[in-house]
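Just query.txt here, compact mmCIF, C-alpha atoms:
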# COMPACT_ATOMS: atom_id res chain seq x y z
CA MET A 10 13.38 -8.82 -24.52
CA ARG A 11 10.92 -9.64 -21.75
CA ALA A 12 9.69 -6.44 -20.14
CA ARG A 13 10.13 -7.56 -16.54
CA PRO A 14 13.93 -7.95 -16.41
CA PHE A 15 14.25 -4.82 -18.55
CA VAL A 16 12.21 -2.72 -16.11
CA ALA A 17 14.00 -4.27 -13.11
CA ILE A 18 17.47 -3.45 -14.48
CA VAL A 19 16.52 0.09 -15.50
CA ALA A 20 14.81 0.80 -12.16
CA ALA A 21 17.70 -0.67 -10.13
CA ARG A 22 20.31 1.32 -12.08
CA LEU A 23 18.35 4.57 -11.80
CA TYR A 24 17.77 4.00 -8.08
CA ALA A 25 21.48 3.29 -7.54
CA GLU A 26 22.47 6.50 -9.36
CA LEU A 27 19.77 8.67 -7.81
CA GLY A 28 22.33 11.00 -6.20
CA THR A 29 24.18 11.58 -9.49
CA ILE A 30 20.91 12.15 -11.36
CA GLU A 31 19.65 14.66 -8.77
CA PHE A 32 22.94 16.52 -9.02
CA THR A 33 22.86 16.69 -12.84
CA LEU A 34 19.20 17.81 -12.79
CA LEU A 35 19.94 20.63 -10.37
CA ALA A 36 23.00 21.66 -12.38
CA ALA A 37 20.93 21.57 -15.61
CA LEU A 38 18.26 23.82 -14.07
CA LEU A 39 20.91 26.29 -12.95
CA VAL A 40 22.90 26.34 -16.21
CA GLY A 41 19.66 26.45 -18.22
CA MET A 42 18.68 29.65 -16.41
CA LEU A 43 22.16 31.18 -16.84
CA ALA A 44 22.64 30.27 -20.52
CA PRO A 45 19.19 29.97 -22.11
CA GLN A 46 20.10 31.12 -25.66
CA GLY A 47 21.36 29.09 -28.60
CA LEU A 48 22.13 25.40 -29.05
CA ALA A 49 25.79 25.35 -27.97
CA GLY A 50 25.01 25.60 -24.24
CA PRO A 51 22.36 22.88 -24.00
CA ILE A 52 24.16 20.46 -26.32
CA ALA A 53 27.55 20.91 -24.63
CA PHE A 54 26.23 20.76 -21.08
CA CYS A 55 23.76 17.92 -21.61
CA CYS A 56 26.26 15.83 -23.61
CA LEU A 57 28.80 16.17 -20.78
CA ALA A 58 26.09 15.22 -18.28
CA GLY A 59 25.22 12.23 -20.48
CA ILE A 60 28.87 11.15 -20.55
CA ALA A 61 29.04 11.48 -16.76
CA VAL A 62 25.95 9.32 -16.14
CA ALA A 63 27.19 6.78 -18.72
CA LEU A 64 30.55 6.52 -16.94
CA ALA A 65 28.71 6.16 -13.63
CA ALA A 66 27.45 2.83 -14.99
CA SER A 67 31.03 1.52 -15.27
CA PRO A 68 31.58 -2.00 -13.90
CA GLY A 69 32.80 -2.03 -10.31
CA ARG A 70 30.88 0.99 -9.05
CA ARG A 71 27.82 -1.10 -8.05
CA PRO A 72 29.30 -4.58 -7.60
CA HIS A 73 26.13 -6.34 -6.45
CA LEU A 74 24.16 -5.02 -9.45
CA ASP A 75 27.01 -6.04 -11.78
CA HIS A 76 27.06 -9.50 -10.25
CA CYS A 77 23.28 -9.98 -10.55
CA GLU A 78 23.26 -8.79 -14.17
CA GLN A 79 26.24 -10.97 -15.16
CA SER A 80 24.78 -14.09 -13.58
CA ALA A 81 21.21 -13.53 -14.83
CA PRO A 82 20.05 -15.68 -17.77
CA LEU A 83 19.96 -12.79 -20.25
CA PHE A 84 21.49 -12.41 -23.70
CA GLY A 85 24.15 -9.75 -24.18
CA ARG A 86 21.91 -7.64 -26.41
CA GLU A 87 19.05 -7.78 -23.87
CA LEU A 88 21.35 -6.68 -21.10
CA ALA A 89 22.81 -3.96 -23.32
CA ARG A 90 19.40 -2.46 -24.12
CA ALA A 91 18.40 -2.43 -20.45
CA LYS A 92 21.73 -1.07 -19.21
CA ALA A 93 21.80 1.57 -21.97
CA SER A 94 18.28 2.77 -21.16
CA ALA A 95 19.06 3.93 -17.61
CA PRO A 96 21.76 6.52 -18.53
CA CYS A 97 19.68 7.60 -21.54
CA ILE A 98 16.66 8.26 -19.31
CA ALA A 99 18.89 10.22 -16.91
CA ALA A 100 20.41 12.21 -19.80
CA VAL A 101 16.99 12.93 -21.34
CA LEU A 102 15.70 14.13 -17.94
CA THR A 103 18.76 16.41 -17.66
CA ALA A 104 18.18 17.85 -21.15
CA THR A 105 14.47 18.34 -20.37
CA ALA A 106 15.36 20.16 -17.14
CA TYR A 107 17.83 22.37 -19.05
CA LEU A 108 15.33 23.21 -21.81
CA GLY A 109 12.56 23.75 -19.23
CA ALA A 110 14.75 26.18 -17.28
CA ALA A 111 15.81 27.92 -20.53
CA GLN A 112 12.14 28.26 -21.49
CA THR A 113 11.43 30.22 -18.30
CA ARG A 114 14.15 32.69 -19.38
CA GLY A 115 12.85 33.17 -22.91
CA GLY A 116 13.76 29.87 -24.57
CA SER A 117 16.73 28.86 -26.67
CA GLY A 118 15.59 31.00 -29.59
CA THR A 119 16.17 28.12 -32.00
CA PRO A 120 13.36 26.21 -33.70
CA PHE A 121 13.28 22.47 -32.97
CA ALA A 122 15.72 22.95 -30.09
CA ALA A 123 14.16 20.12 -28.05
CA PRO A 124 14.48 17.31 -30.64
CA VAL A 125 17.95 18.53 -31.67
CA VAL A 126 19.27 18.59 -28.10
CA LEU A 127 17.57 15.35 -27.03
CA SER A 128 18.84 13.38 -30.04
CA ALA A 129 22.40 14.70 -29.59
CA VAL A 130 22.35 13.83 -25.90
CA VAL A 131 21.07 10.29 -26.47
CA ALA A 132 23.66 9.58 -29.19
CA CYS A 133 26.49 11.01 -27.08
CA THR A 134 25.42 9.03 -23.99
CA LEU A 135 25.22 5.76 -25.92
CA VAL A 136 28.68 6.24 -27.42
CA ALA A 137 30.05 7.08 -23.96
CA LEU A 138 28.56 3.81 -22.63
CA CYS A 139 30.99 1.93 -24.88
CA ALA A 140 33.79 3.72 -22.99
CA ALA A 141 32.33 2.68 -19.64
CA ILE A 142 33.19 -1.01 -20.15
CA ARG A 143 36.70 -0.35 -21.43
CA ARG A 144 39.94 0.78 -19.85
CA GLY A 145 42.99 2.72 -20.92
CA LEU A 146 43.34 3.92 -24.50
CA PRO A 147 40.09 2.38 -25.86
CA ARG A 148 38.18 4.17 -23.09
CA ALA A 149 39.81 7.50 -23.96
CA LEU A 150 39.11 6.92 -27.66
CA TYR A 151 35.42 6.19 -27.07
CA LEU A 152 35.13 9.27 -24.87
CA GLY A 153 36.69 11.28 -27.71
CA VAL A 154 34.18 9.77 -30.15
CA ALA A 155 31.32 10.66 -27.76
CA VAL A 156 32.44 14.29 -27.59
CA ALA A 157 32.92 14.30 -31.38
CA ALA A 158 29.39 12.94 -31.85
CA GLY A 159 27.99 15.81 -29.77
CA ALA A 160 30.09 18.35 -31.69
CA ALA A 161 29.04 16.87 -35.04
CA ALA A 162 25.37 17.00 -34.03
CA TYR A 163 25.78 20.66 -33.09
CA SER A 164 27.59 21.46 -36.35
CA ILE A 165 24.92 19.80 -38.50
CA ALA A 166 22.02 21.45 -36.65
CA ALA A 167 23.39 24.90 -35.80
CA VAL A 168 26.14 25.59 -38.33
CA ALA A 169 24.73 23.78 -41.39
CA GLY A 170 21.15 24.45 -40.25
CA CYS A 171 19.98 20.97 -41.21
CA VAL A 172 17.75 19.68 -38.41
CA TRP A 173 16.69 16.52 -40.25
CA GLY A 174 20.33 15.74 -41.03
CA GLU A 175 21.18 16.06 -37.35
CA LEU A 176 18.31 13.76 -36.36
CA LEU A 177 19.41 11.20 -38.96
CA PHE A 178 23.05 11.42 -37.86
CA CYS A 179 22.10 10.92 -34.20
CA ALA A 180 19.80 8.00 -35.02
CA VAL A 181 22.55 6.23 -36.99
CA ALA A 182 25.20 6.96 -34.31
CA ALA A 183 22.87 5.73 -31.53
CA PHE A 184 22.01 2.54 -33.45
CA PHE A 185 25.65 1.60 -34.00
CA ALA A 186 26.59 2.57 -30.44
CA VAL A 187 23.92 0.26 -28.95
CA ARG A 188 25.00 -2.60 -31.24
CA GLN A 189 28.63 -2.07 -30.29
CA TYR A 190 27.74 -1.91 -26.60
CA GLY A 191 25.74 -5.15 -26.86
CA GLU A 192 28.59 -6.98 -28.57
CA ALA A 193 31.09 -5.65 -26.05
CA LEU A 194 28.85 -6.73 -23.15
CA ALA A 195 28.42 -10.21 -24.65
CA ARG A 196 32.22 -10.57 -24.80
CA TYR A 197 32.82 -8.72 -21.54
CA ASP A 198 34.83 -10.60 -18.99
CA PRO A 199 34.26 -9.54 -15.39
CA MET A 200 37.73 -10.79 -14.39
CA MET B 30 25.81 -37.63 -16.68
CA PRO B 31 27.76 -35.02 -14.64
CA LEU B 32 26.04 -31.74 -13.87
CA LEU B 33 29.38 -29.93 -14.13
CA ARG B 34 32.20 -31.24 -16.30
CA MET B 35 35.52 -29.41 -16.63
CA ARG B 36 38.31 -30.80 -18.81
CA ASP B 37 41.63 -28.94 -18.63
CA ALA B 38 39.64 -25.73 -18.30
CA THR B 39 42.06 -22.82 -18.27
CA PHE B 40 41.43 -19.11 -18.09
CA VAL B 41 44.16 -16.73 -19.20
CA ARG B 42 43.68 -12.98 -19.56
CA GLY B 43 46.69 -10.74 -18.94
CA ASP B 44 47.89 -11.40 -15.39
CA CYS B 45 44.80 -13.45 -14.56
CA ARG B 46 45.38 -17.14 -14.88
CA ALA B 47 43.55 -20.15 -13.49
CA GLY B 48 43.65 -23.85 -14.19
CA PRO B 49 43.92 -26.25 -15.85
CA ILE B 50 40.99 -27.68 -13.89
CA THR B 51 39.55 -31.11 -14.51
CA LEU B 52 36.57 -32.40 -12.55
CA ASP B 53 33.19 -34.11 -12.82
CA LEU B 54 30.42 -33.16 -10.43
CA GLN B 55 27.39 -35.43 -10.33
CA ARG B 56 23.92 -34.33 -9.26
CA GLY B 57 23.70 -34.15 -5.46
CA ASP B 58 27.49 -34.15 -5.05
CA ARG B 59 29.52 -31.64 -3.11
CA ALA B 60 33.02 -30.72 -4.26
CA ALA B 61 35.65 -28.30 -3.03
CA LEU B 62 38.49 -26.97 -5.12
CA VAL B 63 41.46 -25.53 -3.23
CA LEU B 64 43.43 -22.97 -5.23
CA ASN B 65 46.56 -20.99 -4.58
CA SER B 66 45.14 -17.48 -4.66
CA SER B 67 41.88 -15.58 -4.20
CA ARG B 68 41.90 -14.51 -7.83
CA GLU B 69 42.24 -18.08 -9.08
CA ALA B 70 39.42 -19.14 -6.77
CA ALA B 71 37.18 -16.34 -8.08
CA ILE B 72 37.94 -17.30 -11.70
CA ALA B 73 37.34 -21.01 -11.06
CA ALA B 74 33.97 -20.25 -9.45
CA ARG B 75 32.93 -18.06 -12.38
CA LEU B 76 34.10 -20.69 -14.88
CA ALA B 77 31.93 -23.27 -13.09
CA CYS B 78 28.77 -21.23 -13.51
CA GLY B 79 29.37 -19.87 -17.00
CA ILE B 80 30.02 -16.23 -16.11
CA VAL B 81 33.52 -16.34 -17.61
CA LYS B 82 34.45 -18.49 -20.58
CA ALA B 83 37.41 -20.85 -20.59
CA SER B 84 40.33 -19.74 -22.77
CA SER B 85 41.15 -23.39 -23.48
CA GLY B 86 39.74 -26.73 -22.45
CA THR B 87 36.07 -27.53 -21.94
CA VAL B 88 33.41 -26.59 -19.43
CA LEU B 89 29.97 -28.17 -19.68
CA ILE B 90 27.19 -27.21 -17.29
CA GLY B 91 24.36 -29.70 -17.59
CA ASP B 92 25.60 -30.50 -21.12
CA TYR B 93 25.53 -26.85 -22.18
CA ASP B 94 28.67 -25.05 -23.26
CA PRO B 95 28.91 -21.56 -21.67
CA ARG B 96 30.70 -20.26 -24.77
CA VAL B 97 27.60 -20.73 -26.93
CA GLN B 98 24.70 -21.35 -24.49
CA SER B 99 25.53 -19.14 -21.53
CA VAL B 100 21.84 -18.33 -20.85
CA HIS B 101 21.05 -22.04 -20.34
CA CYS B 102 24.11 -22.43 -18.13
CA LYS B 103 23.03 -19.49 -15.98
CA ARG B 104 19.62 -21.10 -15.44
CA ILE B 105 21.34 -24.24 -14.11
CA ALA B 106 24.17 -22.76 -12.05
CA ALA B 107 24.13 -19.85 -9.61
CA LEU B 108 27.11 -18.08 -8.12
CA VAL B 109 27.41 -16.81 -4.56
CA PRO B 110 30.33 -14.37 -4.65
CA HIS B 111 32.88 -14.07 -1.89
CA GLU B 112 32.52 -10.33 -1.54
CA PRO B 113 29.69 -9.16 0.74
CA ALA B 114 27.01 -7.15 -1.04
CA ALA B 115 26.46 -3.51 -0.07
CA LEU B 116 23.01 -4.42 1.20
CA HIS B 117 21.27 -4.10 4.54
CA ALA B 118 18.33 -5.87 6.15
CA GLY B 119 16.06 -3.09 4.85
CA ASP B 120 16.97 -3.94 1.24
CA PHE B 121 15.61 -7.49 1.58
CA SER B 122 12.31 -7.26 -0.26
CA ARG B 123 13.59 -4.88 -2.99
CA TYR B 124 16.57 -7.16 -3.63
CA VAL B 125 14.41 -10.31 -3.78
CA LYS B 126 11.93 -8.64 -6.18
CA TYR B 127 14.83 -7.45 -8.37
CA ARG B 128 16.34 -10.92 -8.60
CA ALA B 129 12.93 -12.53 -9.15
CA ALA B 130 12.41 -10.16 -12.09
CA LEU B 131 15.84 -10.95 -13.59
CA TRP B 132 15.18 -14.70 -13.40
CA ASN B 133 11.54 -14.14 -14.38
CA VAL B 134 10.15 -16.14 -11.46
CA ASP B 135 6.96 -15.46 -9.57
CA GLU B 136 7.53 -12.56 -7.18
CA ALA B 137 5.20 -13.72 -4.40
CA ASN B 138 6.72 -17.22 -4.34
CA ALA B 139 10.23 -15.77 -4.42
CA LEU B 140 9.45 -13.49 -1.46
CA ARG B 141 7.93 -16.38 0.49
CA ALA B 142 10.88 -18.71 -0.16
CA ALA B 143 13.37 -15.92 0.57
CA ALA B 144 11.66 -15.12 3.90
CA VAL B 145 11.92 -18.79 4.93
CA ALA B 146 15.59 -18.87 3.88
CA ARG B 147 16.31 -15.63 5.76
CA GLN B 148 14.73 -17.14 8.87
CA ARG B 149 17.08 -20.13 8.57
CA LEU B 150 20.06 -17.78 8.09
CA ARG B 151 19.07 -15.33 10.83
CA SER B 152 22.52 -15.42 12.45
CA MET B 153 24.13 -14.40 9.14
CA HIS B 154 24.73 -10.74 8.27
CA ALA B 155 22.48 -9.46 5.47
CA ALA B 156 25.52 -8.59 3.34
CA PHE B 157 26.37 -12.32 3.17
CA ALA B 158 22.89 -13.80 3.50
CA LEU B 159 21.17 -11.82 0.72
CA PRO B 160 23.51 -12.95 -2.13
CA LEU B 161 23.04 -16.58 -1.02
CA ILE B 162 19.25 -16.21 -0.79
CA GLY B 163 19.26 -14.35 -4.11
CA ALA B 164 21.20 -17.14 -5.79
CA LEU B 165 18.48 -19.62 -4.82
CA ILE B 166 15.61 -17.55 -6.25
CA GLY B 167 16.03 -19.01 -9.74
CA ASN B 168 15.96 -22.54 -8.23
CA PRO B 169 19.38 -23.52 -9.65
CA GLN B 170 20.50 -27.15 -9.81
CA LEU B 171 24.10 -26.23 -9.05
CA VAL B 172 25.21 -23.64 -6.49
CA VAL B 173 28.77 -22.36 -6.77
CA LEU B 174 30.17 -20.71 -3.66
CA ASP B 175 33.30 -18.64 -4.15
CA ARG B 176 35.35 -18.75 -0.93
CA PRO B 177 32.35 -18.89 1.41
CA GLN B 178 32.71 -17.69 5.01
CA ALA B 179 33.69 -20.65 7.18
CA ALA B 180 31.92 -19.04 10.15
CA TYR B 181 28.56 -19.58 8.44
CA ALA B 182 29.33 -23.09 7.13
CA ALA B 183 26.71 -24.95 9.18
CA ASP B 184 23.88 -22.53 8.28
CA MET B 185 24.83 -22.53 4.59
CA LEU B 186 25.05 -26.31 4.35
CA ALA B 187 21.71 -26.70 6.12
CA LEU B 188 20.07 -24.32 3.63
CA LEU B 189 21.68 -25.97 0.58
CA GLU B 190 21.01 -29.50 1.78
CA ALA B 191 19.46 -30.86 -1.42
CA LYS B 192 21.60 -28.93 -3.92
CA THR B 193 24.68 -29.85 -5.89
CA ILE B 194 27.40 -27.59 -4.48
CA PHE B 195 30.79 -26.56 -5.78
CA PHE B 196 33.07 -24.59 -3.47
CA THR B 197 36.31 -22.81 -4.19
CA HIS B 198 38.74 -22.14 -1.34
CA THR B 199 42.25 -20.89 -0.84
CA SER B 200 43.16 -23.19 2.06
CA ASP B 201 42.48 -26.72 3.23
CA VAL B 202 41.36 -25.38 6.61
CA GLU B 203 38.54 -23.37 5.00
CA ALA B 204 37.59 -26.32 2.84
CA ALA B 205 37.44 -28.61 5.88
CA ALA B 206 34.78 -26.37 7.45
CA PHE B 207 32.42 -27.27 4.59
CA GLY B 208 33.28 -30.99 4.52
CA PRO B 209 32.99 -33.83 4.53
CA PHE B 210 33.35 -34.46 0.80
CA ALA B 211 33.52 -37.70 -1.08
CA PRO B 212 37.29 -38.47 -1.49
CA ARG B 213 37.21 -37.94 -5.24
CA ALA B 214 35.38 -34.64 -4.79
CA ARG B 215 38.14 -32.98 -2.78
CA LEU B 216 40.35 -31.52 -5.45
CA ARG B 217 43.38 -29.38 -5.90
CA ALA B 218 44.01 -27.46 -9.10
For this file, produce the structure as structure tokens.
Amino acid sequence: MRARPFVAIVAARLYAELGTIEFTLLAALLVGMLAPQGLAGPIAFCCLAGIAVALAASPGRRPHLDHCEQSAPLFGRELARAKASAPCIAAVLTATAYLGAAQTRGGSGTPFAAPVVLSAVVACTLVALCAAIRRGLPRALYLGVAVAAGAAAYSIAAVAGCVWGELLFCAVAAFFAVRQYGEALARYDPM
Amino acid sequence: MPLLRMRDATFVRGDCRAGPITLDLQRGDRAALVLNSSREAAIAARLACGIVKASSGTVLIGDYDPRVQSVHCKRIAALVPHEPAALHAGDFSRYVKYRAALWNVDEANALRAAAVARQRLRSMHAAFALPLIGALIGNPQLVVLDRPQAAYAADMLALLEAKTIFFTHTSDVEAAAFGPFAPRARLRA
């Protein structure tokens, strides 16, 4: 994809959701200071924040951005990558704020906490994006899958103790979620 | 060769239904399509610029089929939606730069052309003027106006003087404000 439309879409989406992002960052700082230990807190909180910012990108919330993106001469996969990047950046910033706040209170106490949390958050956010362009039962199902992806990432990393397995799982889940989102956007009908 | 060709183009999705619509729009022509409801008008406008795909029938925009070549269609046709954008005068340059980036056109030229267009549309509220100015940034051959505001008809027509224009309306009175049309170009679905 050409860099210019990509940057324009990401910047416009982040600017439009500035209020939501500020709120999640402040909440992450606060929760990170209150619950600095372990992986359950950061993964659960940051995955929920990722789902929230993904749903904030639902069609209809920013009609003029939706209209510009739908009428722009871009392929579905190009649009998907750009639209997926904005919530991922917001979710990664939230996770970074959480881990930063936790670090000031003694850290999470788990080795490789940052890559584990960041990969889980990105995978969960990307799966939740597929819910953002659907309604009714499919939306609920994708939200369930997003939560399940976060839970599975936590189980692999914290319960099974396999960090590399968790990273691989999140990479595979994120890859398929972006592909699915791209295909859904290409078929998406604004009416 | 028509710039826009629709042959029994129908859109059906749940409760949403529009068409069948049949029309040919030559380069430089102006056509108005009067439909029964706002939703049908919105669908017809989006069919004409390749944003939604016809469920049956054919739509060709400059010989490209939106079902397989939607990117080419979107370079030829631009939509001006009916709904005002949540934009103010202060958003002008950010909005123009954003649209210039999406259509990958030179930013400085886009800003210059948009400033001239804004000057010509100075009586128009930014919420209506910016989508129209934005639609022209990619230099489309066909401009599709979904239920445009009759109050701004003269300003809009003056700005779009050299373009091929396709309007959708929900009443003959609204359509008349944007006339006159060639007899064959005044249609009813």
Output as a PDB file with C-alpha atoms, in the coordinates of the input the set of chain A residues within 12 Å of chain B, with distances taken over all atoms listed in the file.
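What follows is the written file out_18.pdb:
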ATOM      1  CA  MET A  10      13.380  -8.820 -24.520  1.00  0.00           C
ATOM      2  CA  ARG A  11      10.920  -9.640 -21.750  1.00  0.00           C
ATOM      3  CA  ALA A  12       9.690  -6.440 -20.140  1.00  0.00           C
ATOM      4  CA  ARG A  13      10.130  -7.560 -16.540  1.00  0.00           C
ATOM      5  CA  PRO A  14      13.930  -7.950 -16.410  1.00  0.00           C
ATOM      6  CA  PHE A  15      14.250  -4.820 -18.550  1.00  0.00           C
ATOM      7  CA  VAL A  16      12.210  -2.720 -16.110  1.00  0.00           C
ATOM      8  CA  ALA A  17      14.000  -4.270 -13.110  1.00  0.00           C
ATOM      9  CA  ILE A  18      17.470  -3.450 -14.480  1.00  0.00           C
ATOM     10  CA  VAL A  19      16.520   0.090 -15.500  1.00  0.00           C
ATOM     11  CA  ALA A  20      14.810   0.800 -12.160  1.00  0.00           C
ATOM     12  CA  ALA A  21      17.700  -0.670 -10.130  1.00  0.00           C
ATOM     13  CA  ARG A  22      20.310   1.320 -12.080  1.00  0.00           C
ATOM     14  CA  TYR A  24      17.770   4.000  -8.080  1.00  0.00           C
ATOM     15  CA  ALA A  25      21.480   3.290  -7.540  1.00  0.00           C
ATOM     16  CA  ARG A  70      30.880   0.990  -9.050  1.00  0.00           C
ATOM     17  CA  ARG A  71      27.820  -1.100  -8.050  1.00  0.00           C
ATOM     18  CA  PRO A  72      29.300  -4.580  -7.600  1.00  0.00           C
ATOM     19  CA  HIS A  73      26.130  -6.340  -6.450  1.00  0.00           C
ATOM     20  CA  LEU A  74      24.160  -5.020  -9.450  1.00  0.00           C
ATOM     21  CA  ASP A  75      27.010  -6.040 -11.780  1.00  0.00           C
ATOM     22  CA  HIS A  76      27.060  -9.500 -10.250  1.00  0.00           C
ATOM     23  CA  CYS A  77      23.280  -9.980 -10.550  1.00  0.00           C
ATOM     24  CA  GLU A  78      23.260  -8.790 -14.170  1.00  0.00           C
ATOM     25  CA  GLN A  79      26.240 -10.970 -15.160  1.00  0.00           C
ATOM     26  CA  SER A  80      24.780 -14.090 -13.580  1.00  0.00           C
ATOM     27  CA  ALA A  81      21.210 -13.530 -14.830  1.00  0.00           C
ATOM     28  CA  PRO A  82      20.050 -15.680 -17.770  1.00  0.00           C
ATOM     29  CA  LEU A  83      19.960 -12.790 -20.250  1.00  0.00           C
ATOM     30  CA  PHE A  84      21.490 -12.410 -23.700  1.00  0.00           C
ATOM     31  CA  GLY A  85      24.150  -9.750 -24.180  1.00  0.00           C
ATOM     32  CA  GLU A  87      19.050  -7.780 -23.870  1.00  0.00           C
ATOM     33  CA  LEU A  88      21.350  -6.680 -21.100  1.00  0.00           C
ATOM     34  CA  ALA A  91      18.400  -2.430 -20.450  1.00  0.00           C
ATOM     35  CA  LEU A 194      28.850  -6.730 -23.150  1.00  0.00           C
ATOM     36  CA  ALA A 195      28.420 -10.210 -24.650  1.00  0.00           C
ATOM     37  CA  ARG A 196      32.220 -10.570 -24.800  1.00  0.00           C
ATOM     38  CA  TYR A 197      32.820  -8.720 -21.540  1.00  0.00           C
ATOM     39  CA  ASP A 198      34.830 -10.600 -18.990  1.00  0.00           C
ATOM     40  CA  PRO A 199      34.260  -9.540 -15.390  1.00  0.00           C
ATOM     41  CA  MET A 200      37.730 -10.790 -14.390  1.00  0.00           C
TER      42      MET A 200
END
With 12 Å as the threshold, what does the neighbourhood of (20.0, 18.0, -9.4) contain in terms of residues, counting only C-alpha atoms? Coordinates are those of the file; answer as an mmCIF file with C-alpha atoms, in the frame of the given file.
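Okay, this is what ended up in part.cif:
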data_model
loop_
_atom_site.group_PDB
_atom_site.id
_atom_site.type_symbol
_atom_site.label_atom_id
_atom_site.label_comp_id
_atom_site.auth_asym_id
_atom_site.auth_seq_id
_atom_site.Cartn_x
_atom_site.Cartn_y
_atom_site.Cartn_z
ATOM 1 C CA GLU A 26 22.470 6.500 -9.360
ATOM 2 C CA LEU A 27 19.770 8.670 -7.810
ATOM 3 C CA GLY A 28 22.330 11.000 -6.200
ATOM 4 C CA THR A 29 24.180 11.580 -9.490
ATOM 5 C CA ILE A 30 20.910 12.150 -11.360
ATOM 6 C CA GLU A 31 19.650 14.660 -8.770
ATOM 7 C CA PHE A 32 22.940 16.520 -9.020
ATOM 8 C CA THR A 33 22.860 16.690 -12.840
ATOM 9 C CA LEU A 34 19.200 17.810 -12.790
ATOM 10 C CA LEU A 35 19.940 20.630 -10.370
ATOM 11 C CA ALA A 36 23.000 21.660 -12.380
ATOM 12 C CA ALA A 37 20.930 21.570 -15.610
ATOM 13 C CA LEU A 38 18.260 23.820 -14.070
ATOM 14 C CA LEU A 39 20.910 26.290 -12.950
ATOM 15 C CA VAL A 40 22.900 26.340 -16.210
ATOM 16 C CA ALA A 58 26.090 15.220 -18.280
ATOM 17 C CA ALA A 99 18.890 10.220 -16.910
ATOM 18 C CA ALA A 100 20.410 12.210 -19.800
ATOM 19 C CA LEU A 102 15.700 14.130 -17.940
ATOM 20 C CA THR A 103 18.760 16.410 -17.660
ATOM 21 C CA ALA A 104 18.180 17.850 -21.150
ATOM 22 C CA ALA A 106 15.360 20.160 -17.140
ATOM 23 C CA TYR A 107 17.830 22.370 -19.050
#
Quiz item: What is the distance between CA of His117 (chain B) and CA of Pro169 (chain B), in Å to one decimal?
Solution: 24.1 Å
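Going from CA of Ala206 (chain B) to CA of Arg36 (chain B) covers 26.9 Å.
Residues having any atom no farther than 9 Å from (23.8, 16.5, -27.0) (counting only C-alpha atoms) are Pro51, Ile52, Ala53, Phe54, Cys55, Cys56, Leu57, Gly59, Ala104, Val125, Val126, Leu127, Ser128, Ala129, Val130, Val131, Ala132, Cys133, Thr134, Val156, Ala158, Gly159, Ala160, Ala162 and Tyr163 of chain A.
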Quiz prompt | Distance criterion (only C-alpha atoms): nearest to Pro96 (chain A) out of A:Phe121, A:Leu152, A:Ala166, A:Leu23 | solution = A:Leu23
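CA of Leu52 (chain B) lies 16.7 Å from CA of Ser84 (chain B).
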